[in-house]
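K.L.:
To start, I am sharing the structure in question, which I have written as structure tokens.
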Amino acid sequence: MFDAAVVPLLQRELPLAEDFVCRTLRTVGIGESQVADRIGNRLLEVVAHGLELGYCAHVGAVDIRFAAKGAPAKQLVGEAEAVVRAELGKYIFAEDDDTLEAVVVRLLTERKQTLALAESCTGGGIANRITNVPGSSAVLLASLVTYANAAKQKFVGVRAETLAAHGAVSEAVAREMAEGARRETGADYALAVTGIAGPGGGSEAKPVGTVFIGFASASESFALKQFNPLDRETFKQVTGTQALETLRRKILALE
């Protein structure tokens with residue numbers, strides 16, 4: 001509403017005295033200090049000519065904001081964006097206000113591909129993010145919150161011997177959850193998450209914050225181990241972001 005109605009009104013009634021250009025690149029999978037270390041020095045000259053450079057860290061993501069005013073504004077922002085894309089290209093998932101879940105839905109829609117989810121520690125949080133995106137019904141076939149071990153066995157076919165040998169929070173179980181979700185739904189891709197959100201339930205071998213993200217497609221299946229020692233809600237948000245980013249990179253064949 002604000003962007004559609006108020007901004008045009010302000011631009012018409014209170015025009016800027018000089019040109020102003022602003023652009024944001026959104027990154028995931030890399031920390032704010034790493035972002036600054038990798039691009040800060042490379043942008044010193046552009047900053048010296050009037051570019052404003054800022055970083056904004058969110059839960060699991062970092063935004064890089066460029067702004068400039070006056071006649072060279074467009075050129076300065078363009079030069080800075082080119083540098084950052086060259087240095088951090090694989091970490092950039094969106095521009096301006098776009099979200100990771102919207103990007104994933106758009107990529108799947110464009111390719112006419114589908115997704116299934118098997119969530120444990122995130123409790124349906126990934127499905128919630130996906131279904132917040134208009135048009136997600138075209139790509140999300142099902143989301144199974146297989147919280148209990150019995151549910152993992154019944155609904156996505158995790159084997160009892162796998163649970164007994166490795167425990168619910170393990171690479172093997174995450175992979176079988178993803179494989180089972182894909183098999184049971186016929187989706188092109190499946191994501192699965194199983195972890196220890198805390199504050200209790202951890203051990204020396206698997207401390208609170210341990211999580212495994214499973215992925216399955218027609219050509220491969222695997223599970224990635226992550227460690228998110230955060231409060232319970234933030235753990236769930238970060239884990240969801242890591243899972244969606246795993247899918248985005250696989251769709252785009254990024255390393």
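Here's how to read the names in the structure tokens: chain A, B, ... by the order shown, residue numbers from 1 in each chain, ligand numbers from 1 in the order shown.
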Could you give me, as an NGL selection string, the residues within 10 Å of Lys250 of chain A, counting only C-alpha atoms and dropping anything in the same chain fewer than 4 positions from it?
P.N.:
:A and (189 or 215 or 217 or 244-246 or 254-255)
K.L.:
Write out as a ChimeraX atom specification the residues lying within 10 Å of Arg183 of chain A, counting only C-alpha atoms and excluding same-chain residues fewer than 2 positions away.
P.N.:
/A:116,156-157,177-181,185-190,216-218
K.L.:
Next, write the just-selected residues to a file, as a PDB file, in the first residue's frame, keeping C-alpha atoms as the atom set.
P.N.:
```pdb
ATOM      1  CA  ALA A 116       7.600 -31.576  -0.672  1.00  0.00           C
ATOM      2  CA  VAL A 156       8.031 -40.812   5.210  1.00  0.00           C
ATOM      3  CA  GLY A 157       9.372 -44.321   5.608  1.00  0.00           C
ATOM      4  CA  MET A 177      13.083 -38.220   5.475  1.00  0.00           C
ATOM      5  CA  ALA A 178      13.768 -36.274   2.282  1.00  0.00           C
ATOM      6  CA  GLU A 179      13.767 -39.398   0.137  1.00  0.00           C
ATOM      7  CA  GLY A 180      10.515 -40.566   1.709  1.00  0.00           C
ATOM      8  CA  ALA A 181       8.765 -37.209   1.315  1.00  0.00           C
ATOM      9  CA  THR A 185       4.312 -37.186  -2.895  1.00  0.00           C
ATOM     10  CA  GLY A 186       5.938 -37.510  -6.313  1.00  0.00           C
ATOM     11  CA  ALA A 187       7.549 -34.075  -5.967  1.00  0.00           C
ATOM     12  CA  ASP A 188      10.567 -33.057  -8.025  1.00  0.00           C
ATOM     13  CA  TYR A 189      12.402 -31.959  -4.876  1.00  0.00           C
ATOM     14  CA  ALA A 190      12.085 -32.651  -1.179  1.00  0.00           C
ATOM     15  CA  ALA A 216      16.285 -35.336  -2.440  1.00  0.00           C
ATOM     16  CA  SER A 217      15.737 -35.095  -6.180  1.00  0.00           C
ATOM     17  CA  ALA A 218      15.535 -37.579  -9.031  1.00  0.00           C
TER      18      ALA A 218
END
```
K.L.:
Run DSSP on the backbone and give me the residues of segment 4-241 of chain A it puts in strand (DSSP E), as a PyMOL selection string.
P.N.:
chain A and resi 20-28+52-58+61-69+92-95+115-119+140-145+189-195+210-216+221-227
K.L.:
When you count only C-alpha atoms, which of these residues is closest to Val104 of chain A: A:Ala172, A:Cys56, A:Leu252, A:Val21?
P.N.:
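So, comparing all the options, the nearest one is A:Leu252.
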